Amino acid sequence: MTLDEIKTAVDAGKIVFHKTENFQVKKNDSNKYVIVCTTGELSSTSNLIWEEDGRLAGEEYDFYIKGSRHSANFMVGCDGDLVRVSDRSYAVVREKFEYHHREITNGKELCATLRAGPYAWPGGYPLFIGDSSGEVAHFECVKENLSSIIYDLRHTNRFGPMYCEINYENSDLYCDCCGKKIESAYGDDDEEE
């Protein structure tokens, strides 16, 4: 769901969840949209929108209206571990399921890094993925070529080891796959190309 779709649904009285039914989007007393977690004895609130740049705090595909998905039995904890919530045991099912691996040596680490998204947490800094040959790529380009990259990591190690890095200031960094500019945190990305 887009940010506007989420706001419209909440304003219309629909129940909107983030990732699982343990995280619900609500409008607080200050008319700000927030994500509220009420899992067992835990309770927390975070903003739906990054205050720095107005972006959605999460991936669009992680938000859904109640009833549009089956109830989830799992959730991803703040440390990136996949946790079972259906039986309230909160047992870790898979460590670092959604986690930015700085060095990527296998398909499992690559998938976990892609699941964690193209922005660092905390801070929201833009990330890119590179390989030992010096090539860099957007997360989307890596996703589009995921099966061949995993095959090469597993069999030929042509791309490995790979890495995930923040692009702090390099405003001249371009994806070697699609040729588009890779966003930088502090560089001058507004220049005419």
# chains A, B, ... in the order shown; residues from 1 in each chain; ligands from 1
call {"tool": "closest_atom_pairs", "arguments": {"of": "range 26-129 of chain A", "to": "range 152-173 of chain A", "cutoff": "6 Å", "atoms": "only C-alpha atoms", "output": "JSON lines"}}
result
{"residue": "A:Arg102", "atom": "CA", "partner": "A:Cys164", "partner_atom": "CA", "distance": 4.9}
{"residue": "A:Glu103", "atom": "CA", "partner": "A:Tyr163", "partner_atom": "CA", "distance": 4.4}
{"residue": "A:Ile104", "atom": "CA", "partner": "A:Met162", "partner_atom": "CA", "distance": 4.8}
{"residue": "A:Thr105", "atom": "CA", "partner": "A:Pro161", "partner_atom": "CA", "distance": 5.1}
{"residue": "A:Asn106", "atom": "CA", "partner": "A:Leu153", "partner_atom": "CA", "distance": 5.9}
{"residue": "A:Pro126", "atom": "CA", "partner": "A:Ile166", "partner_atom": "CA", "distance": 5.7}
{"residue": "A:Leu127", "atom": "CA", "partner": "A:Ile166", "partner_atom": "CA", "distance": 4.4}
{"residue": "A:Phe128", "atom": "CA", "partner": "A:Glu165", "partner_atom": "CA", "distance": 5.7}
{"residue": "A:Ile129", "atom": "CA", "partner": "A:Cys164", "partner_atom": "CA", "distance": 4.6}
call {"tool": "write_last_selection", "arguments": {"atoms": "N, CA, C and O atoms", "output": "PDB file, in the first residue's frame"}}
result
ATOM      1  N   ARG A 102      26.927  -6.912   6.093  1.00  0.00           N
ATOM      2  CA  ARG A 102      27.953  -6.054   5.478  1.00  0.00           C
ATOM      3  C   ARG A 102      28.754  -6.851   4.449  1.00  0.00           C
ATOM      4  O   ARG A 102      29.024  -6.382   3.358  1.00  0.00           O
ATOM      5  N   GLU A 103      29.158  -8.065   4.795  1.00  0.00           N
ATOM      6  CA  GLU A 103      29.817  -8.958   3.845  1.00  0.00           C
ATOM      7  C   GLU A 103      28.846 -10.084   3.513  1.00  0.00           C
ATOM      8  O   GLU A 103      28.294 -10.712   4.417  1.00  0.00           O
ATOM      9  N   ILE A 104      28.659 -10.334   2.233  1.00  0.00           N
ATOM     10  CA  ILE A 104      27.693 -11.333   1.765  1.00  0.00           C
ATOM     11  C   ILE A 104      28.454 -12.459   1.083  1.00  0.00           C
ATOM     12  O   ILE A 104      29.074 -12.250   0.037  1.00  0.00           O
ATOM     13  N   THR A 105      28.411 -13.646   1.680  1.00  0.00           N
ATOM     14  CA  THR A 105      29.167 -14.770   1.140  1.00  0.00           C
ATOM     15  C   THR A 105      28.295 -15.890   0.585  1.00  0.00           C
ATOM     16  O   THR A 105      28.810 -16.823  -0.021  1.00  0.00           O
ATOM     17  N   ASN A 106      26.964 -15.813   0.814  1.00  0.00           N
ATOM     18  CA  ASN A 106      26.086 -16.877   0.314  1.00  0.00           C
ATOM     19  C   ASN A 106      24.692 -16.322   0.029  1.00  0.00           C
ATOM     20  O   ASN A 106      24.376 -15.170   0.346  1.00  0.00           O
ATOM     21  N   PRO A 126      20.673   5.498   2.302  1.00  0.00           N
ATOM     22  CA  PRO A 126      20.532   4.630   1.125  1.00  0.00           C
ATOM     23  C   PRO A 126      21.677   3.617   1.026  1.00  0.00           C
ATOM     24  O   PRO A 126      22.839   3.954   1.263  1.00  0.00           O
ATOM     25  N   LEU A 127      21.332   2.395   0.683  1.00  0.00           N
ATOM     26  CA  LEU A 127      22.299   1.310   0.575  1.00  0.00           C
ATOM     27  C   LEU A 127      22.450   0.860  -0.879  1.00  0.00           C
ATOM     28  O   LEU A 127      21.550   1.062  -1.694  1.00  0.00           O
ATOM     29  N   PHE A 128      23.563   0.228  -1.173  1.00  0.00           N
ATOM     30  CA  PHE A 128      23.770  -0.416  -2.464  1.00  0.00           C
ATOM     31  C   PHE A 128      24.521  -1.713  -2.210  1.00  0.00           C
ATOM     32  O   PHE A 128      25.068  -1.940  -1.131  1.00  0.00           O
ATOM     33  N   ILE A 129      24.544  -2.576  -3.213  1.00  0.00           N
ATOM     34  CA  ILE A 129      25.248  -3.851  -3.103  1.00  0.00           C
ATOM     35  C   ILE A 129      26.362  -3.862  -4.144  1.00  0.00           C
ATOM     36  O   ILE A 129      26.156  -3.490  -5.293  1.00  0.00           O
TER      37      ILE A 129
END
call {"tool": "residues_around", "arguments": {"residues": "range 140-142 of chain A", "least_positions_apart": "6", "cutoff": "8 Å", "atoms": "only C-alpha atoms", "output": "PDB file with all heavy atoms, in the first residue's frame"}}
result
ATOM      1  N   ILE A 129      24.544  -2.576  -3.213  1.00  0.00           N
ATOM      2  CA  ILE A 129      25.248  -3.851  -3.103  1.00  0.00           C
ATOM      3  C   ILE A 129      26.362  -3.862  -4.144  1.00  0.00           C
ATOM      4  O   ILE A 129      26.156  -3.490  -5.293  1.00  0.00           O
ATOM      5  CB  ILE A 129      24.279  -5.031  -3.297  1.00  0.00           C
ATOM      6  CG1 ILE A 129      23.287  -5.055  -2.127  1.00  0.00           C
ATOM      7  CG2 ILE A 129      25.042  -6.349  -3.400  1.00  0.00           C
ATOM      8  CD1 ILE A 129      22.255  -6.131  -2.185  1.00  0.00           C
ATOM      9  N   ILE A 149      22.623 -14.694  -9.553  1.00  0.00           N
ATOM     10  CA  ILE A 149      23.639 -14.264  -8.582  1.00  0.00           C
ATOM     11  C   ILE A 149      23.846 -15.332  -7.515  1.00  0.00           C
ATOM     12  O   ILE A 149      24.982 -15.660  -7.165  1.00  0.00           O
ATOM     13  CB  ILE A 149      23.254 -12.910  -7.946  1.00  0.00           C
ATOM     14  CG1 ILE A 149      23.290 -11.802  -9.003  1.00  0.00           C
ATOM     15  CG2 ILE A 149      24.193 -12.566  -6.793  1.00  0.00           C
ATOM     16  CD1 ILE A 149      22.726 -10.482  -8.535  1.00  0.00           C
ATOM     17  N   CYS A 177      24.209  -2.292 -13.477  1.00  0.00           N
ATOM     18  CA  CYS A 177      23.201  -3.128 -14.136  1.00  0.00           C
ATOM     19  C   CYS A 177      22.265  -2.284 -14.993  1.00  0.00           C
ATOM     20  O   CYS A 177      22.112  -2.528 -16.180  1.00  0.00           O
ATOM     21  CB  CYS A 177      22.423  -3.903 -13.085  1.00  0.00           C
ATOM     22  SG  CYS A 177      21.205  -5.035 -13.771  1.00  0.00           S
ATOM     23  N   CYS A 178      21.656  -1.253 -14.416  1.00  0.00           N
ATOM     24  CA  CYS A 178      20.663  -0.454 -15.142  1.00  0.00           C
ATOM     25  C   CYS A 178      21.181   0.915 -15.574  1.00  0.00           C
ATOM     26  O   CYS A 178      20.552   1.597 -16.377  1.00  0.00           O
ATOM     27  CB  CYS A 178      19.393  -0.282 -14.311  1.00  0.00           C
ATOM     28  SG  CYS A 178      19.615   0.749 -12.841  1.00  0.00           S
TER      29      CYS A 178
END
call {"tool": "residues_around", "arguments": {"residues": "Ala91 in chain A", "least_positions_apart": "3", "cutoff": "10 Å", "atoms": "only C-alpha atoms", "output": "PyMOL selection string"}}
result
chain A and resi 74+81-85+87-88+94
call {"tool": "write_last_selection", "arguments": {"atoms": "N, CA, C and O atoms", "output": "compact mmCIF listing (two decimals), in the first residue's frame"}}
result
# COMPACT_ATOMS: atom_id res chain seq x y z
N PHE A 74 4.22 -15.48 12.21
CA PHE A 74 5.57 -15.05 12.50
C PHE A 74 5.68 -13.54 12.40
O PHE A 74 4.87 -12.89 11.77
N ASP A 81 15.61 -11.04 13.53
CA ASP A 81 15.30 -12.46 13.68
C ASP A 81 13.83 -12.73 13.38
O ASP A 81 12.96 -11.93 13.71
N LEU A 82 13.55 -13.88 12.75
CA LEU A 82 12.18 -14.31 12.51
C LEU A 82 11.69 -15.02 13.75
O LEU A 82 12.32 -15.96 14.24
N VAL A 83 10.56 -14.55 14.30
CA VAL A 83 10.06 -15.02 15.60
C VAL A 83 8.67 -15.60 15.44
O VAL A 83 7.83 -15.04 14.73
N ARG A 84 8.41 -16.75 16.10
CA ARG A 84 7.07 -17.37 16.09
C ARG A 84 6.20 -16.64 17.10
O ARG A 84 6.53 -16.53 18.27
N VAL A 85 5.05 -16.12 16.63
CA VAL A 85 4.14 -15.42 17.53
C VAL A 85 2.82 -16.15 17.71
O VAL A 85 2.06 -15.84 18.62
N ASP A 87 2.00 -19.08 18.84
CA ASP A 87 1.80 -19.78 20.11
C ASP A 87 2.29 -18.95 21.31
O ASP A 87 2.37 -19.46 22.42
N ARG A 88 2.62 -17.68 21.06
CA ARG A 88 3.11 -16.75 22.07
C ARG A 88 4.39 -17.23 22.76
O ARG A 88 4.72 -16.81 23.86
N ARG A 94 14.41 -18.26 12.89
CA ARG A 94 15.56 -18.07 12.01
C ARG A 94 16.27 -16.77 12.36
O ARG A 94 15.66 -15.71 12.31
call {"tool": "closest_residue", "arguments": {"among": "A:Cys37, A:Val136, A:Leu56, A:Ile150", "to": "Met75 in chain A", "atoms": "only C-alpha atoms"}}
result
A:Cys37
call {"tool": "residues_around", "arguments": {"residues": "range 109-115 of chain A", "least_positions_apart": "4", "cutoff": "6 Å", "atoms": "only C-alpha atoms", "output": "list of chain:residue names"}}
result
A:Phe97, A:Glu98, A:Tyr99, A:His100, A:His101, A:Ile104
call {"tool": "write_last_selection", "arguments": {"atoms": "N, CA and C atoms", "output": "compact mmCIF listing (two decimals), in the first residue's frame"}}
result
# COMPACT_ATOMS: atom_id res chain seq x y z
N PHE A 97 17.02 -13.10 9.73
CA PHE A 97 16.14 -13.34 8.59
C PHE A 97 16.01 -12.10 7.71
N GLU A 98 15.94 -10.94 8.34
CA GLU A 98 15.81 -9.65 7.65
C GLU A 98 16.90 -8.75 8.23
N TYR A 99 18.10 -8.81 7.63
CA TYR A 99 19.27 -8.23 8.26
C TYR A 99 20.26 -7.77 7.19
N HIS A 100 20.80 -6.57 7.34
CA HIS A 100 21.80 -6.08 6.40
C HIS A 100 23.17 -6.69 6.73
N HIS A 101 23.59 -7.64 5.93
CA HIS A 101 24.92 -8.23 6.09
C HIS A 101 25.93 -7.34 5.38
N ILE A 104 28.66 -10.33 2.23
CA ILE A 104 27.69 -11.33 1.77
C ILE A 104 28.45 -12.46 1.08
call {"tool": "select_by_dssp", "arguments": {"residues": "chain A", "states": "alpha helix (DSSP H)", "output": "MDAnalysis selection string"}}
result
chainID A and resid 3:11 107:116 139:144 146:155
call {"tool": "residues_around", "arguments": {"residues": "range 14-17 of chain A", "least_positions_apart": "2", "cutoff": "6 Å", "atoms": "only C-alpha atoms", "output": "PyMOL selection string"}}
result
chain A and resi 9-10+12+21+23-25+63-66
call {"tool": "write_last_selection", "arguments": {"atoms": "N, CA and C atoms", "output": "PDB file, in the first residue's frame"}}
result
ATOM      1  N   ALA A   9      -7.243   4.611   4.082  1.00  0.00           N
ATOM      2  CA  ALA A   9      -7.862   3.449   4.726  1.00  0.00           C
ATOM      3  C   ALA A   9      -8.057   3.686   6.218  1.00  0.00           C
ATOM      4  N   VAL A  10      -7.047   4.225   6.893  1.00  0.00           N
ATOM      5  CA  VAL A  10      -7.159   4.499   8.333  1.00  0.00           C
ATOM      6  C   VAL A  10      -8.250   5.537   8.582  1.00  0.00           C
ATOM      7  N   ALA A  12     -10.812   6.053   6.854  1.00  0.00           N
ATOM      8  CA  ALA A  12     -12.111   5.449   6.566  1.00  0.00           C
ATOM      9  C   ALA A  12     -12.519   4.425   7.628  1.00  0.00           C
ATOM     10  N   GLU A  21      -0.314  -8.827  12.276  1.00  0.00           N
ATOM     11  CA  GLU A  21      -1.414  -8.217  13.021  1.00  0.00           C
ATOM     12  C   GLU A  21      -0.969  -7.704  14.386  1.00  0.00           C
ATOM     13  N   PHE A  23       1.242  -5.309  14.572  1.00  0.00           N
ATOM     14  CA  PHE A  23       1.590  -3.913  14.308  1.00  0.00           C
ATOM     15  C   PHE A  23       0.459  -3.262  13.525  1.00  0.00           C
ATOM     16  N   GLN A  24      -0.221  -2.316  14.153  1.00  0.00           N
ATOM     17  CA  GLN A  24      -1.365  -1.670  13.522  1.00  0.00           C
ATOM     18  C   GLN A  24      -1.086  -0.183  13.309  1.00  0.00           C
ATOM     19  N   VAL A  25      -1.520   0.321  12.151  1.00  0.00           N
ATOM     20  CA  VAL A  25      -1.379   1.750  11.858  1.00  0.00           C
ATOM     21  C   VAL A  25      -2.593   2.464  12.430  1.00  0.00           C
ATOM     22  N   PHE A  63       2.443  -3.360   4.227  1.00  0.00           N
ATOM     23  CA  PHE A  63       1.210  -2.820   4.790  1.00  0.00           C
ATOM     24  C   PHE A  63       0.011  -3.460   4.099  1.00  0.00           C
ATOM     25  N   TYR A  64      -0.995  -3.813   4.886  1.00  0.00           N
ATOM     26  CA  TYR A  64      -2.189  -4.428   4.308  1.00  0.00           C
ATOM     27  C   TYR A  64      -3.401  -4.189   5.197  1.00  0.00           C
ATOM     28  N   ILE A  65      -4.578  -4.238   4.572  1.00  0.00           N
ATOM     29  CA  ILE A  65      -5.843  -4.055   5.284  1.00  0.00           C
ATOM     30  C   ILE A  65      -6.276  -5.399   5.864  1.00  0.00           C
ATOM     31  N   LYS A  66      -6.815  -5.367   7.071  1.00  0.00           N
ATOM     32  CA  LYS A  66      -7.269  -6.587   7.743  1.00  0.00           C
ATOM     33  C   LYS A  66      -8.197  -7.370   6.819  1.00  0.00           C
TER      34      LYS A  66
END
call {"tool": "atom_distance", "arguments": {"atom1": "CA of Ala57 in chain A", "atom2": "CA of Asp176 in chain A"}}
result
27.6 Å
call {"tool": "closest_residue", "arguments": {"among": "A:Asp4, A:Glu95, A:Glu59, A:Glu144", "to": "Ala116 in chain A", "atoms": "only C-alpha atoms"}}
result
A:Glu59
call {"tool": "closest_residue", "arguments": {"among": "A:Lys27, A:Lys143, A:His18, A:His138", "to": "Gly179 in chain A", "atoms": "only C-alpha atoms"}}
result
A:His138
call {"tool": "atom_distance", "arguments": {"atom1": "CA of Gly107 in chain A", "atom2": "CA of Asn145 in chain A"}}
result
12.2 Å
call {"tool": "closest_residue", "arguments": {"among": "A:Cys78, A:Asp131, A:Ile6, A:Gly124", "to": "Glu52 in chain A", "atoms": "only C-alpha atoms"}}
result
A:Gly124
call {"tool": "atom_distance", "arguments": {"atom1": "CA of Met1 in chain A", "atom2": "CA of Val34 in chain A"}}
result
15.2 Å
call {"tool": "closest_residue", "arguments": {"among": "A:Ser46, A:Asn28, A:Thr20, A:Ser133", "to": "Ser86 in chain A", "atoms": "only C-alpha atoms"}}
result
A:Thr20
call {"tool": "closest_residue", "arguments": {"among": "A:Tyr33, A:Glu5, A:Tyr125, A:Gly54", "to": "Tyr186 in chain A", "atoms": "only C-alpha atoms"}}
result
A:Tyr125
call {"tool": "decode", "arguments": {"residues": "range 145-157 of chain A", "atoms": "all heavy atoms", "output": "PDB file, in the first residue's frame"}}
result
ATOM      1  N   ASN A 145      17.933 -10.142 -10.725  1.00  0.00           N
ATOM      2  CA  ASN A 145      18.922 -11.129 -11.160  1.00  0.00           C
ATOM      3  C   ASN A 145      19.300 -12.095 -10.041  1.00  0.00           C
ATOM      4  O   ASN A 145      20.363 -12.705 -10.082  1.00  0.00           O
ATOM      5  CB  ASN A 145      20.180 -10.407 -11.662  1.00  0.00           C
ATOM      6  CG  ASN A 145      19.885  -9.519 -12.834  1.00  0.00           C
ATOM      7  OD1 ASN A 145      19.588  -9.993 -13.914  1.00  0.00           O
ATOM      8  ND2 ASN A 145      19.936  -8.213 -12.627  1.00  0.00           N
ATOM      9  N   LEU A 146      18.423 -12.227  -9.058  1.00  0.00           N
ATOM     10  CA  LEU A 146      18.739 -12.972  -7.843  1.00  0.00           C
ATOM     11  C   LEU A 146      19.131 -14.423  -8.098  1.00  0.00           C
ATOM     12  O   LEU A 146      20.134 -14.894  -7.571  1.00  0.00           O
ATOM     13  CB  LEU A 146      17.556 -12.913  -6.862  1.00  0.00           C
ATOM     14  CG  LEU A 146      17.789 -13.532  -5.493  1.00  0.00           C
ATOM     15  CD1 LEU A 146      18.942 -12.836  -4.784  1.00  0.00           C
ATOM     16  CD2 LEU A 146      16.520 -13.438  -4.658  1.00  0.00           C
ATOM     17  N   SER A 147      18.374 -15.142  -8.916  1.00  0.00           N
ATOM     18  CA  SER A 147      18.676 -16.568  -9.098  1.00  0.00           C
ATOM     19  C   SER A 147      20.048 -16.781  -9.722  1.00  0.00           C
ATOM     20  O   SER A 147      20.792 -17.667  -9.302  1.00  0.00           O
ATOM     21  CB  SER A 147      17.584 -17.256  -9.932  1.00  0.00           C
ATOM     22  OG  SER A 147      17.468 -16.643 -11.193  1.00  0.00           O
ATOM     23  N   SER A 148      20.426 -15.960 -10.699  1.00  0.00           N
ATOM     24  CA  SER A 148      21.749 -16.141 -11.313  1.00  0.00           C
ATOM     25  C   SER A 148      22.866 -15.723 -10.359  1.00  0.00           C
ATOM     26  O   SER A 148      23.934 -16.336 -10.338  1.00  0.00           O
ATOM     27  CB  SER A 148      21.852 -15.378 -12.634  1.00  0.00           C
ATOM     28  OG  SER A 148      21.731 -13.998 -12.422  1.00  0.00           O
ATOM     29  N   ILE A 149      22.623 -14.694  -9.553  1.00  0.00           N
ATOM     30  CA  ILE A 149      23.639 -14.264  -8.582  1.00  0.00           C
ATOM     31  C   ILE A 149      23.846 -15.332  -7.515  1.00  0.00           C
ATOM     32  O   ILE A 149      24.982 -15.660  -7.165  1.00  0.00           O
ATOM     33  CB  ILE A 149      23.254 -12.910  -7.946  1.00  0.00           C
ATOM     34  CG1 ILE A 149      23.290 -11.802  -9.003  1.00  0.00           C
ATOM     35  CG2 ILE A 149      24.193 -12.566  -6.793  1.00  0.00           C
ATOM     36  CD1 ILE A 149      22.726 -10.482  -8.535  1.00  0.00           C
ATOM     37  N   ILE A 150      22.752 -15.904  -7.013  1.00  0.00           N
ATOM     38  CA  ILE A 150      22.874 -16.970  -6.008  1.00  0.00           C
ATOM     39  C   ILE A 150      23.578 -18.190  -6.606  1.00  0.00           C
ATOM     40  O   ILE A 150      24.428 -18.803  -5.962  1.00  0.00           O
ATOM     41  CB  ILE A 150      21.494 -17.340  -5.425  1.00  0.00           C
ATOM     42  CG1 ILE A 150      20.993 -16.199  -4.536  1.00  0.00           C
ATOM     43  CG2 ILE A 150      21.573 -18.641  -4.631  1.00  0.00           C
ATOM     44  CD1 ILE A 150      19.602 -16.398  -3.988  1.00  0.00           C
ATOM     45  N   TYR A 151      23.241 -18.509  -7.852  1.00  0.00           N
ATOM     46  CA  TYR A 151      23.925 -19.637  -8.522  1.00  0.00           C
ATOM     47  C   TYR A 151      25.428 -19.385  -8.574  1.00  0.00           C
ATOM     48  O   TYR A 151      26.234 -20.254  -8.249  1.00  0.00           O
ATOM     49  CB  TYR A 151      23.368 -19.854  -9.927  1.00  0.00           C
ATOM     50  CG  TYR A 151      24.062 -20.971 -10.665  1.00  0.00           C
ATOM     51  CD1 TYR A 151      23.642 -22.287 -10.513  1.00  0.00           C
ATOM     52  CD2 TYR A 151      25.161 -20.712 -11.487  1.00  0.00           C
ATOM     53  CE1 TYR A 151      24.281 -23.326 -11.170  1.00  0.00           C
ATOM     54  CE2 TYR A 151      25.818 -21.740 -12.139  1.00  0.00           C
ATOM     55  CZ  TYR A 151      25.374 -23.035 -11.981  1.00  0.00           C
ATOM     56  OH  TYR A 151      26.022 -24.066 -12.618  1.00  0.00           O
ATOM     57  N   ASP A 152      25.807 -18.183  -8.982  1.00  0.00           N
ATOM     58  CA  ASP A 152      27.231 -17.852  -9.078  1.00  0.00           C
ATOM     59  C   ASP A 152      27.913 -17.827  -7.707  1.00  0.00           C
ATOM     60  O   ASP A 152      29.063 -18.260  -7.584  1.00  0.00           O
ATOM     61  CB  ASP A 152      27.426 -16.507  -9.778  1.00  0.00           C
ATOM     62  CG  ASP A 152      27.189 -16.605 -11.271  1.00  0.00           C
ATOM     63  OD1 ASP A 152      27.386 -17.695 -11.839  1.00  0.00           O
ATOM     64  OD2 ASP A 152      26.803 -15.591 -11.876  1.00  0.00           O
ATOM     65  N   LEU A 153      27.214 -17.334  -6.677  1.00  0.00           N
ATOM     66  CA  LEU A 153      27.787 -17.368  -5.327  1.00  0.00           C
ATOM     67  C   LEU A 153      28.029 -18.806  -4.876  1.00  0.00           C
ATOM     68  O   LEU A 153      29.025 -19.114  -4.234  1.00  0.00           O
ATOM     69  CB  LEU A 153      26.851 -16.673  -4.331  1.00  0.00           C
ATOM     70  CG  LEU A 153      26.926 -15.160  -4.240  1.00  0.00           C
ATOM     71  CD1 LEU A 153      25.780 -14.623  -3.391  1.00  0.00           C
ATOM     72  CD2 LEU A 153      28.254 -14.705  -3.672  1.00  0.00           C
ATOM     73  N   ARG A 154      27.098 -19.677  -5.235  1.00  0.00           N
ATOM     74  CA  ARG A 154      27.156 -21.068  -4.786  1.00  0.00           C
ATOM     75  C   ARG A 154      28.174 -21.900  -5.575  1.00  0.00           C
ATOM     76  O   ARG A 154      28.873 -22.735  -5.018  1.00  0.00           O
ATOM     77  CB  ARG A 154      25.768 -21.687  -4.920  1.00  0.00           C
ATOM     78  CG  ARG A 154      25.617 -23.033  -4.260  1.00  0.00           C
ATOM     79  CD  ARG A 154      24.202 -23.536  -4.336  1.00  0.00           C
ATOM     80  NE  ARG A 154      23.351 -22.723  -3.478  1.00  0.00           N
ATOM     81  CZ  ARG A 154      22.033 -22.580  -3.643  1.00  0.00           C
ATOM     82  NH1 ARG A 154      21.429 -23.183  -4.634  1.00  0.00           N
ATOM     83  NH2 ARG A 154      21.342 -21.853  -2.822  1.00  0.00           N
ATOM     84  N   HIS A 155      28.270 -21.642  -6.890  1.00  0.00           N
ATOM     85  CA  HIS A 155      29.070 -22.531  -7.736  1.00  0.00           C
ATOM     86  C   HIS A 155      30.380 -21.938  -8.251  1.00  0.00           C
ATOM     87  O   HIS A 155      31.391 -22.614  -8.278  1.00  0.00           O
ATOM     88  CB  HIS A 155      28.224 -23.015  -8.921  1.00  0.00           C
ATOM     89  CG  HIS A 155      27.021 -23.793  -8.506  1.00  0.00           C
ATOM     90  ND1 HIS A 155      27.105 -25.068  -8.000  1.00  0.00           N
ATOM     91  CD2 HIS A 155      25.715 -23.466  -8.477  1.00  0.00           C
ATOM     92  CE1 HIS A 155      25.894 -25.507  -7.703  1.00  0.00           C
ATOM     93  NE2 HIS A 155      25.027 -24.553  -7.973  1.00  0.00           N
ATOM     94  N   THR A 156      30.347 -20.686  -8.693  1.00  0.00           N
ATOM     95  CA  THR A 156      31.554 -20.134  -9.312  1.00  0.00           C
ATOM     96  C   THR A 156      32.191 -19.041  -8.471  1.00  0.00           C
ATOM     97  O   THR A 156      33.342 -18.700  -8.678  1.00  0.00           O
ATOM     98  CB  THR A 156      31.234 -19.525 -10.690  1.00  0.00           C
ATOM     99  OG1 THR A 156      30.365 -18.399 -10.525  1.00  0.00           O
ATOM    100  CG2 THR A 156      30.596 -20.550 -11.606  1.00  0.00           C
ATOM    101  N   ASN A 157      31.417 -18.462  -7.560  1.00  0.00           N
ATOM    102  CA  ASN A 157      31.869 -17.357  -6.711  1.00  0.00           C
ATOM    103  C   ASN A 157      32.427 -16.194  -7.536  1.00  0.00           C
ATOM    104  O   ASN A 157      33.331 -15.497  -7.127  1.00  0.00           O
ATOM    105  CB  ASN A 157      32.896 -17.838  -5.685  1.00  0.00           C
ATOM    106  CG  ASN A 157      32.885 -16.978  -4.441  1.00  0.00           C
ATOM    107  OD1 ASN A 157      31.926 -16.243  -4.197  1.00  0.00           O
ATOM    108  ND2 ASN A 157      33.928 -17.053  -3.664  1.00  0.00           N
TER     109      ASN A 157
END
